[in-house]
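For reference, the structure discussed in these notes is given below.
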Amino acid sequence: MTDGHDILAHRRGKLEELRARGEAFPNGFERTALAAELQARYADSDKQALEADAARSPDAARVVVAGRVMLRRVMGKATFVTLQDVSGAIQCYLRKDDLGEAYEDVRRLWDIGDVVGVGGTLMRTNRGELTVQADAIRVLAKSLRPLPEKYHGLVDREAQYRRRHVDLIMSEESRGRFRTRSAIVREVRRFLDERDFLEVETPMMHPVPGGATARPFVTHHNALGMDLYLRIAPELYLKRLVVGGFERVYEINRSFRNEGLSTRHNPEFTMLEFYQAYSTFEDLMDLTEDLMRRVVAAVTGGQTVRYQGTDIDFAEPAVRCDMADAVLAHTDLTAADLADAPGLARAMRRMNLSPERDWGAGRMLTEIFEARVEPRLVQPTFVTGYPTEVSPLARRREGDPEVTDRFEYFVAGREFANGFSEINDPDDQADRFRAQAERSARGDLEAMHYDGDYVEALEYGMPPTAGEGVGIDRLVMLLTDAPSIRDVLLFPHLRPAGDG
């Protein structure tokens with residue numbers, strides 16, 4: 001059997017022949033049509049109609065296509081090749097009688113994977129397949145490495161992630177998933193633009209990490225002689241813009257969190273964040289439902305999504321419930337268990353969860369919810385009443401300062417969005433930052449830092465505002481039935497090859 005090194009050497013020999021003739025990697029080739037355009041335009045043209053077109057006006061009937069050779073069948077003095085371009089595939093018919101000496105290149109120098117250009121007229125084979133009958137050919141890029149076997153592609157998941165370029169060549173499913181991702185982002189933009197939101201860009205390197213409780217990546221700016229932090233979230237900058245008078249803003253941003261790798265987490269990810277002045281968290285729950293229905297309809301044509309074997313219905317209003325009520329409904333705990341911190345600590349231990357010494361009742365309730373309730377929220381659900389202890393940027397609930405006007409939105413057992421009425425009291429925000437800074441000083445690597453510049457911004461006055469973050473990657477997972485976040489990231493982060 002020929003090994004990979006032999007194949008590489010053999011193909012390099014062909015490339016050297018093209019180099020010697022001055023025909024390696026030419027530029028300036030002009031394609032006149034894509035495969036899908038031709039398939040659509042001539043769908044109703046039979047063999048006789050195509051022949052008549054070519055006889056009546058040869059120049060008008062001529063097309064030039066280009067793409068990657070995915071299939072080649074050499075039959076002596078004639079060869080069929082299938083070219084794949086960005087739109088699809090089309091067959092080409094190459095004959096020695098039409099191409100002369102150039103036909104020898106097809107036999108000797110062409111390989112599966114080469115990028116080639118073909119000019120000619122359209123015909124239909126006896127089997128009815130639309131085909132370009134070539135009168136001119138050219139190799140545009142020689143493929144030195146062989147493609148995987150066509151009908152299996154890259155079957156190893158990790159190989160798909162590590163060699164995404166090959167995965168995209170071989171898999172229409174993979175190409176379709178990333179087209180869908182683009183369509184989702186486009187529809188999100190359209191939805192917000194129609195509602196007078198302004199798209200903005202905020203810094204990706206921050207002097208103070210903030211906007212979420214997460215461990216940041218640290219870098220160093222040599223000219224300034226200072227450490228900077230890759231963006232955890234754009235929240236505090238977007239709210240500065242609300243202070244400045246932009247009452248509706250959004251950003252589709254890359255954020256970075258120094259956390260582990262999993263089917264749900266990647267160190268860098270895409271998030272939508274938007275802020276709307278003179279609104280509450282309840283307004284944003286309504287907006288979120290409208291957004292989800294809009295995007296689901298754009299991608300699926302309906303209001304039902306099948307994800308990993310389960311139908312998710314977006315036509316019906318999402319369930320709305322308080323966190324404490326959700327814990328009572330989905331566990332065997334009682335109201336007495338949730339009444340105080342000691343009761344919650346005992347409940348956690350019965351569940352084989354380990355409370356830490358400095359956790360208050362709010363943190364323990366949240367941990368129980370995330371471990372025992374969140375995976376059960378399959379149909380769209382808004383959970384409200386998040387404890388103040390775990391919500392350092394959310395407004396306290398009127399009449400109950402231990403909880404906040406915050407929600408998280410769950411589908412298929414995963415959080416998809418987090419929103420709340422924002423703190424616009426600078427003194428309250430300063431107190432919350434101080435509490436976070438104390439946690440940081442005690443070794444909590446995810447706690448926020450004190451951001452005095454942001455507190456000063458609030459002192460200029462921020463109108464009542466609600467804001468929300470939506471995980472774009474998870475939304476794409478849902479709408480493409482992808483089990484892992486790596487399936488919807490073109491180039492996910494992976495451990496070095498060979499590591500256990």
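By convention in this document, the chains of the structure tokens carry letters A, B, ... by their order, each chain's residues are numbered from 1, and ligands are numbered from 1 in the order they are shown.
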Quick one: residues within 10 Å of A:Val305, only C-alpha atoms, excluding same-chain residues fewer than 5 positions away - as a JSON list (two decimals) with C-alpha atoms, in the first residue's frame?
```json
[["chain", "number", "residue", "atom", "x", "y", "z"],
["A", 296, "VAL", "CA", -36.30, 29.90, 14.97],
["A", 297, "ALA", "CA", -38.75, 30.75, 12.19],
["A", 299, "VAL", "CA", -33.89, 28.96, 10.35],
["A", 300, "THR", "CA", -36.58, 26.26, 10.46],
["A", 310, "THR", "CA", -36.52, 16.10, 21.74],
["A", 311, "ASP", "CA", -38.98, 18.57, 20.21],
["A", 312, "ILE", "CA", -38.65, 22.08, 21.65],
["A", 313, "ASP", "CA", -41.75, 24.25, 21.18],
["A", 314, "PHE", "CA", -41.27, 28.02, 20.88],
["A", 478, "LEU", "CA", -29.72, 24.31, 19.39],
["A", 479, "LEU", "CA", -30.73, 25.24, 15.85],
["A", 480, "THR", "CA", -28.27, 22.88, 14.14],
["A", 481, "ASP", "CA", -28.82, 19.94, 16.53]]
```
Give me the residues near A:Pro492 as a ChimeraX atom specification, where near means some atom within 12 Å (using only C-alpha atoms) and where sequence neighbours in that chain fewer than 5 positions away do not count.
/A:157-164,261-270,473,484-487
Residues from the last selection, N, CA and C atoms, saved as a compact mmCIF listing (two decimals), in the first residue's frame:
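Final output, selection37.txt:
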```txt
# COMPACT_ATOMS: atom_id res chain seq x y z
N ARG A 157 -14.15 12.77 15.36
CA ARG A 157 -14.60 14.09 15.76
C ARG A 157 -13.43 15.05 15.99
N GLU A 158 -12.41 14.58 16.68
CA GLU A 158 -11.29 15.46 16.98
C GLU A 158 -10.57 15.87 15.71
N ALA A 159 -10.48 14.96 14.75
CA ALA A 159 -9.86 15.32 13.47
C ALA A 159 -10.68 16.38 12.75
N GLN A 160 -12.00 16.32 12.89
CA GLN A 160 -12.85 17.35 12.28
C GLN A 160 -12.53 18.72 12.86
N TYR A 161 -12.32 18.77 14.18
CA TYR A 161 -12.05 20.05 14.83
C TYR A 161 -10.63 20.54 14.49
N ARG A 162 -9.66 19.63 14.48
CA ARG A 162 -8.28 20.03 14.26
C ARG A 162 -8.01 20.39 12.80
N ARG A 163 -8.70 19.73 11.89
CA ARG A 163 -8.51 20.00 10.46
C ARG A 163 -9.84 20.45 9.86
N ARG A 164 -10.33 21.56 10.37
CA ARG A 164 -11.64 22.03 9.93
C ARG A 164 -11.66 22.28 8.42
N LEU A 261 -12.44 23.33 29.30
CA LEU A 261 -13.05 22.96 28.03
C LEU A 261 -14.11 21.90 28.27
N SER A 262 -15.24 22.03 27.58
CA SER A 262 -16.29 21.03 27.69
C SER A 262 -17.18 21.12 26.46
N THR A 263 -18.21 20.30 26.42
CA THR A 263 -19.15 20.37 25.30
C THR A 263 -19.93 21.67 25.29
N ARG A 264 -19.92 22.41 26.42
CA ARG A 264 -20.66 23.67 26.51
C ARG A 264 -19.77 24.90 26.62
N HIS A 265 -18.48 24.71 26.85
CA HIS A 265 -17.60 25.85 27.14
C HIS A 265 -16.37 25.84 26.25
N ASN A 266 -16.04 27.02 25.75
CA ASN A 266 -14.80 27.27 25.02
C ASN A 266 -14.21 28.54 25.60
N PRO A 267 -12.89 28.63 25.75
CA PRO A 267 -12.31 29.83 26.39
C PRO A 267 -12.68 31.15 25.71
N GLU A 268 -12.87 31.13 24.39
CA GLU A 268 -13.39 32.31 23.71
C GLU A 268 -14.70 31.93 23.04
N PHE A 269 -15.65 32.83 23.08
CA PHE A 269 -16.99 32.50 22.62
C PHE A 269 -17.67 33.78 22.14
N THR A 270 -18.79 33.60 21.47
CA THR A 270 -19.52 34.73 20.91
C THR A 270 -20.79 34.96 21.70
N ASP A 473 -23.21 30.90 20.48
CA ASP A 473 -22.75 29.55 20.19
C ASP A 473 -23.79 28.51 20.61
N SER A 484 -22.14 19.42 20.73
CA SER A 484 -20.99 20.05 21.37
C SER A 484 -20.76 21.43 20.79
N ILE A 485 -20.30 22.35 21.64
CA ILE A 485 -19.98 23.69 21.18
C ILE A 485 -18.88 23.66 20.12
N ARG A 486 -18.03 22.62 20.16
CA ARG A 486 -16.96 22.53 19.16
C ARG A 486 -17.50 22.33 17.76
N ASP A 487 -18.71 21.77 17.65
CA ASP A 487 -19.30 21.55 16.34
C ASP A 487 -19.71 22.85 15.67
```
Would you kindly return, as a PyMOL selection string, each protein, DNA or RNA residue with an atom no farther than 10 Å from any atom of stretch 339-347 of chain A, considering only C-alpha atoms and excluding same-chain residues fewer than 6 positions away?
chain A and resi 332-333+353-357+359-365+368
Write the selection just made, keeping N, CA and C atoms, as a compact mmCIF listing (two decimals), in the first residue's frame?
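File part04.txt, as written:
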```
# COMPACT_ATOMS: atom_id res chain seq x y z
N ASP A 332 -36.83 17.07 46.20
CA ASP A 332 -37.66 16.66 47.35
C ASP A 332 -37.46 17.60 48.55
N LEU A 333 -36.83 18.75 48.32
CA LEU A 333 -36.63 19.70 49.40
C LEU A 333 -37.94 20.39 49.76
N LEU A 353 -23.41 17.47 47.41
CA LEU A 353 -22.82 18.72 46.97
C LEU A 353 -22.05 19.31 48.14
N SER A 354 -21.02 20.07 47.86
CA SER A 354 -20.13 20.53 48.92
C SER A 354 -20.16 22.04 49.06
N PRO A 355 -20.89 22.56 50.04
CA PRO A 355 -20.90 24.01 50.24
C PRO A 355 -19.57 24.49 50.82
N GLU A 356 -19.16 25.67 50.39
CA GLU A 356 -17.94 26.25 50.95
C GLU A 356 -18.28 27.12 52.16
N ARG A 357 -17.30 27.34 53.02
CA ARG A 357 -17.53 27.96 54.31
C ARG A 357 -18.13 29.36 54.19
N TRP A 359 -19.99 30.63 51.77
CA TRP A 359 -21.20 30.77 50.96
C TRP A 359 -22.39 31.14 51.84
N GLY A 360 -23.16 32.10 51.37
CA GLY A 360 -24.40 32.43 52.04
C GLY A 360 -25.54 31.60 51.47
N ALA A 361 -26.75 31.87 51.98
CA ALA A 361 -27.93 31.11 51.56
C ALA A 361 -28.18 31.27 50.06
N GLY A 362 -27.97 32.47 49.54
CA GLY A 362 -28.23 32.70 48.12
C GLY A 362 -27.32 31.88 47.22
N ARG A 363 -26.05 31.81 47.56
CA ARG A 363 -25.11 31.03 46.75
C ARG A 363 -25.46 29.55 46.83
N MET A 364 -25.82 29.05 47.99
CA MET A 364 -26.14 27.63 48.13
C MET A 364 -27.42 27.28 47.37
N LEU A 365 -28.42 28.15 47.43
CA LEU A 365 -29.64 27.90 46.67
C LEU A 365 -29.33 27.83 45.18
N ILE A 368 -27.63 24.51 44.27
CA ILE A 368 -28.61 23.42 44.21
C ILE A 368 -29.41 23.50 42.91
```
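Nearest residue to A:Thr125 among A:Glu51, A:Leu287, A:Tyr409, A:Phe491 is A:Glu51, counting only C-alpha atoms.
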Name the residues of stretch 293-399 of chain A that fall into strand (DSSP E or B) according to DSSP on the backbone, using the chain letters and numbers of this document, as an NGL selection string.
:A and (304-307 or 310-313 or 319-322 or 381-384 or 387 or 394 or 396-397)
Write out the residues from the selection above, keeping N, CA and C atoms, as a PDB file, in the first residue's frame.
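Output saved as out-v6.pdb:
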```pdb
ATOM      1  N   THR A 304     -40.941  24.932  15.946  1.00  0.00           N
ATOM      2  CA  THR A 304     -40.505  23.745  16.680  1.00  0.00           C
ATOM      3  C   THR A 304     -39.098  23.367  16.246  1.00  0.00           C
ATOM      4  N   VAL A 305     -38.259  23.090  17.216  1.00  0.00           N
ATOM      5  CA  VAL A 305     -36.883  22.664  16.958  1.00  0.00           C
ATOM      6  C   VAL A 305     -36.696  21.274  17.545  1.00  0.00           C
ATOM      7  N   ARG A 306     -36.158  20.371  16.765  1.00  0.00           N
ATOM      8  CA  ARG A 306     -35.827  19.045  17.287  1.00  0.00           C
ATOM      9  C   ARG A 306     -34.357  19.057  17.684  1.00  0.00           C
ATOM     10  N   TYR A 307     -34.106  18.890  18.972  1.00  0.00           N
ATOM     11  CA  TYR A 307     -32.731  18.911  19.468  1.00  0.00           C
ATOM     12  C   TYR A 307     -32.424  17.619  20.200  1.00  0.00           C
ATOM     13  N   THR A 310     -35.404  15.501  21.010  1.00  0.00           N
ATOM     14  CA  THR A 310     -36.521  16.099  21.742  1.00  0.00           C
ATOM     15  C   THR A 310     -37.048  17.314  20.989  1.00  0.00           C
ATOM     16  N   ASP A 311     -38.358  17.411  20.860  1.00  0.00           N
ATOM     17  CA  ASP A 311     -38.977  18.565  20.211  1.00  0.00           C
ATOM     18  C   ASP A 311     -39.110  19.716  21.211  1.00  0.00           C
ATOM     19  N   ILE A 312     -38.572  20.874  20.835  1.00  0.00           N
ATOM     20  CA  ILE A 312     -38.650  22.076  21.653  1.00  0.00           C
ATOM     21  C   ILE A 312     -39.647  23.020  20.984  1.00  0.00           C
ATOM     22  N   ASP A 313     -40.662  23.449  21.735  1.00  0.00           N
ATOM     23  CA  ASP A 313     -41.753  24.254  21.185  1.00  0.00           C
ATOM     24  C   ASP A 313     -41.581  25.716  21.594  1.00  0.00           C
ATOM     25  N   VAL A 319     -42.381  29.123  30.155  1.00  0.00           N
ATOM     26  CA  VAL A 319     -42.710  29.060  31.586  1.00  0.00           C
ATOM     27  C   VAL A 319     -41.902  30.127  32.315  1.00  0.00           C
ATOM     28  N   ARG A 320     -42.500  30.770  33.312  1.00  0.00           N
ATOM     29  CA  ARG A 320     -41.785  31.742  34.142  1.00  0.00           C
ATOM     30  C   ARG A 320     -41.953  31.333  35.600  1.00  0.00           C
ATOM     31  N   CYS A 321     -40.849  31.160  36.304  1.00  0.00           N
ATOM     32  CA  CYS A 321     -40.939  30.720  37.696  1.00  0.00           C
ATOM     33  C   CYS A 321     -39.780  31.293  38.496  1.00  0.00           C
ATOM     34  N   ASP A 322     -39.963  31.393  39.807  1.00  0.00           N
ATOM     35  CA  ASP A 322     -38.934  31.859  40.726  1.00  0.00           C
ATOM     36  C   ASP A 322     -37.956  30.720  41.010  1.00  0.00           C
ATOM     37  N   THR A 381     -37.877  28.179  29.373  1.00  0.00           N
ATOM     38  CA  THR A 381     -38.231  28.546  30.748  1.00  0.00           C
ATOM     39  C   THR A 381     -37.428  29.752  31.193  1.00  0.00           C
ATOM     40  N   PHE A 382     -38.116  30.733  31.776  1.00  0.00           N
ATOM     41  CA  PHE A 382     -37.451  31.854  32.441  1.00  0.00           C
ATOM     42  C   PHE A 382     -37.448  31.585  33.938  1.00  0.00           C
ATOM     43  N   VAL A 383     -36.282  31.616  34.545  1.00  0.00           N
ATOM     44  CA  VAL A 383     -36.166  31.494  36.000  1.00  0.00           C
ATOM     45  C   VAL A 383     -35.780  32.859  36.545  1.00  0.00           C
ATOM     46  N   THR A 384     -36.538  33.343  37.519  1.00  0.00           N
ATOM     47  CA  THR A 384     -36.327  34.671  38.096  1.00  0.00           C
ATOM     48  C   THR A 384     -35.970  34.533  39.576  1.00  0.00           C
ATOM     49  N   PRO A 387     -30.641  35.214  43.691  1.00  0.00           N
ATOM     50  CA  PRO A 387     -30.165  35.868  44.910  1.00  0.00           C
ATOM     51  C   PRO A 387     -29.204  37.010  44.621  1.00  0.00           C
ATOM     52  N   ALA A 394     -27.021  43.230  39.259  1.00  0.00           N
ATOM     53  CA  ALA A 394     -28.469  43.282  39.056  1.00  0.00           C
ATOM     54  C   ALA A 394     -29.161  44.089  40.154  1.00  0.00           C
ATOM     55  N   ARG A 396     -31.721  45.165  42.994  1.00  0.00           N
ATOM     56  CA  ARG A 396     -32.437  44.444  44.040  1.00  0.00           C
ATOM     57  C   ARG A 396     -33.941  44.546  43.815  1.00  0.00           C
ATOM     58  N   ARG A 397     -34.643  43.492  44.195  1.00  0.00           N
ATOM     59  CA  ARG A 397     -36.094  43.487  44.068  1.00  0.00           C
ATOM     60  C   ARG A 397     -36.703  44.424  45.113  1.00  0.00           C
TER      61      ARG A 397
END
```
For A:Leu147, which of A:Asn27, A:Gly443, A:Glu172, A:Arg68 is the closest residue, counting only C-alpha atoms?
A:Arg68
With 10 Å as the cut-off and only C-alpha atoms counted, what is the closest atom pair between each nearby residue of stretch 167-279 of chain A and stretch 69-89 of chain A? Distances in Å to one decimal, ordered by chain and number, as JSON lines.
```
{"residue": "A:Ile169", "atom": "CA", "partner": "A:Gln84", "partner_atom": "CA", "distance": 8.6}
{"residue": "A:Met170", "atom": "CA", "partner": "A:Met70", "partner_atom": "CA", "distance": 8.8}
{"residue": "A:Glu172", "atom": "CA", "partner": "A:Gly88", "partner_atom": "CA", "distance": 9.0}
{"residue": "A:Arg175", "atom": "CA", "partner": "A:Val86", "partner_atom": "CA", "distance": 9.3}
```
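Considering only C-alpha atoms, the residue among A:Phe25, A:Tyr450, A:Tyr229, A:Phe410 positioned nearest to A:Met285 is A:Phe410.
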Name the residues in contact with A:Val64 at a cut-off of 6 Å, using only C-alpha atoms, excluding same-chain residues fewer than 2 positions from it; report them as a PyMOL selection string.
chain A and resi 31-32+118-119
Have a look at atom CA of A:Cys92 and atom CA of A:Glu17 and let me know their distance in Å, one decimal.
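Interatomic distance, atom CA of A:Cys92 to atom CA of A:Glu17: 24.0 Å.
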What does the distance between atom CA of A:Ala326 and atom CA of A:Val373 come to in Å, to one decimal place?
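If I compute the distance from atom CA of A:Ala326 to atom CA of A:Val373, I get 7.1 Å.
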Using only C-alpha atoms, find the one residue out of A:Val470, A:Leu198, A:Val295, A:Ile232 that sits nearest to A:Gln276.
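Nearest candidate to A:Gln276 out of A:Val470, A:Leu198, A:Val295, A:Ile232: A:Leu198.
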Using only C-alpha atoms, which protein or nucleic acid residues come within 9 Å of A:Asp405? Drop anything in the same chain fewer than 6 positions from it, and give the result as number ranges by chain.
A: 280-282, 384-386, 394-398, 419-422
Enter the distance from atom CA of A:Tyr250 to atom CA of A:Phe191, in Å, rounded to one decimal.
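The value is 11.4 Å.
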